[in-house]
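A.B. asks: Take this structure, written in structure tokens, and hold onto it; I'll ask about it next.
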Amino acid sequence: MSFLKNRFLTVCVLLLTSVAVSQALQAAEQDAGSSEQAKLEQKLEKQMSGATLVGHFSVDGKQNNKPPREERYEIASMKKLQGDQWLITARIKYGNNDVNVPMPLNVFWAGDTPVISLTEMTIPGLGTFTSRVMFFEGRYAGTWQHGKVGGNLWGKIEYADQKSESQEEKE
């Protein structure tokens with residue numbers, strides 16, 4: 001009987017030890033993951049503050065052998081609030097409108113790639129929009145919807161540090 005008790009205790013100790021080690025490894029992985037995520041978020045905040053999105057957009061169903069329309073969004077700042085919530089302050093030129101708008105929106109991550117998500121957001125003077133836009137290696141691409149009208153958008157990102165370098169080259 002003593003032999004069985006010793007075996008049972010040994011098995012229990014091994015199980016408890018393996019559970020404790022497993023939990024410690026999971027905690028370490030979560031810490032490393034949240035640390036990496038914090039670095040990605042800091043990088044996004046730094047790169048997008050002062051950045052300009054320069055590209056084009058299309059309107060579904062309107063081709064007419066015309067090139068896609070040009071668009072330009074100047075991002076004054078981008079700050080993480082909490083969770084997936086961010087605040088972007090952007091200058092938006094749309095039609096005859098030219099406004100600076102602080103917009104609370106969500107940023108979700110597909111691995112190391114940020115995706116801005118806004119759903120039925122009313123932008124004063126412009127209307128209500130839904131959009132999904134992803135950013136990767138100096139480019140952006142996504143979809144937009146404004147009521148029954150929608151389309152695609154894409155282009156390059158001019159980062160604040162790139163703009164200052166190109167300005168220095170001109171001088």
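Residue names in the structure tokens use chain letters A, B, ... in the order shown, residue numbers from 1 in each chain, and ligand numbers from 1 in the order shown.
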Report as a count of residues only all protein, DNA and RNA residues lying within 8 Å of segment 83-96 of chain A, evaluated on only C-alpha atoms, omitting residues in the same chain fewer than 4 positions from it.
C.D. replies: 19
A.B. asks: From the list A:Ala160, A:Val149, A:Val115, A:Met48, which residue is nearest Asp60 of chain A when using only C-alpha atoms?
C.D. replies: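 Counting only C-alpha atoms, the residue closest to Asp60 of chain A is A:Val149.
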A.B. asks: Tell me which of A:Ser35, A:Gln145, A:Gln47, A:Asn97 sits closest to Glu120 of chain A, counting only C-alpha atoms.
C.D. replies: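 Ranking A:Ser35, A:Gln145, A:Gln47, A:Asn97 by distance to Glu120 of chain A, first place goes to A:Gln145.
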A.B. asks: As an NGL selection string, please: the residues near Phe135 of chain A (cut-off 8 Å, only C-alpha atoms, same-chain neighbours under 4 positions excluded).
C.D. replies: :A and (113-115 or 139-141)
A.B. asks: Go ahead and save the picked residues with C-alpha atoms, as an mmCIF file, in the first residue's frame.
C.D. replies:
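And here's selection.cif as it stands now:
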data_model
loop_
_atom_site.group_PDB
_atom_site.id
_atom_site.type_symbol
_atom_site.label_atom_id
_atom_site.label_comp_id
_atom_site.auth_asym_id
_atom_site.auth_seq_id
_atom_site.Cartn_x
_atom_site.Cartn_y
_atom_site.Cartn_z
ATOM 1 C CA THR A 113 -1.053 44.761 -40.198
ATOM 2 C CA PRO A 114 -3.413 47.439 -38.836
ATOM 3 C CA VAL A 115 -6.930 47.661 -40.260
ATOM 4 C CA ARG A 139 0.573 51.607 -48.856
ATOM 5 C CA TYR A 140 -3.105 51.520 -47.991
ATOM 6 C CA ALA A 141 -6.095 49.784 -49.542
#
A.B. asks: Compile the contact shell of His56 of chain A as a count of residues only: residues with an atom at most 10 Å away, counting only C-alpha atoms, same-chain residues fewer than 2 positions apart removed.
C.D. replies: 15
A.B. asks: Rank A:Thr143, A:Lys80, A:Phe136, A:Leu44 by their smallest atom-to-atom distance to Leu118 of chain A, using only C-alpha atoms, and report the top residue only.
C.D. replies: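 Checking each of A:Thr143, A:Lys80, A:Phe136, A:Leu44 against Leu118 of chain A, counting only C-alpha atoms, the winner is A:Thr143.
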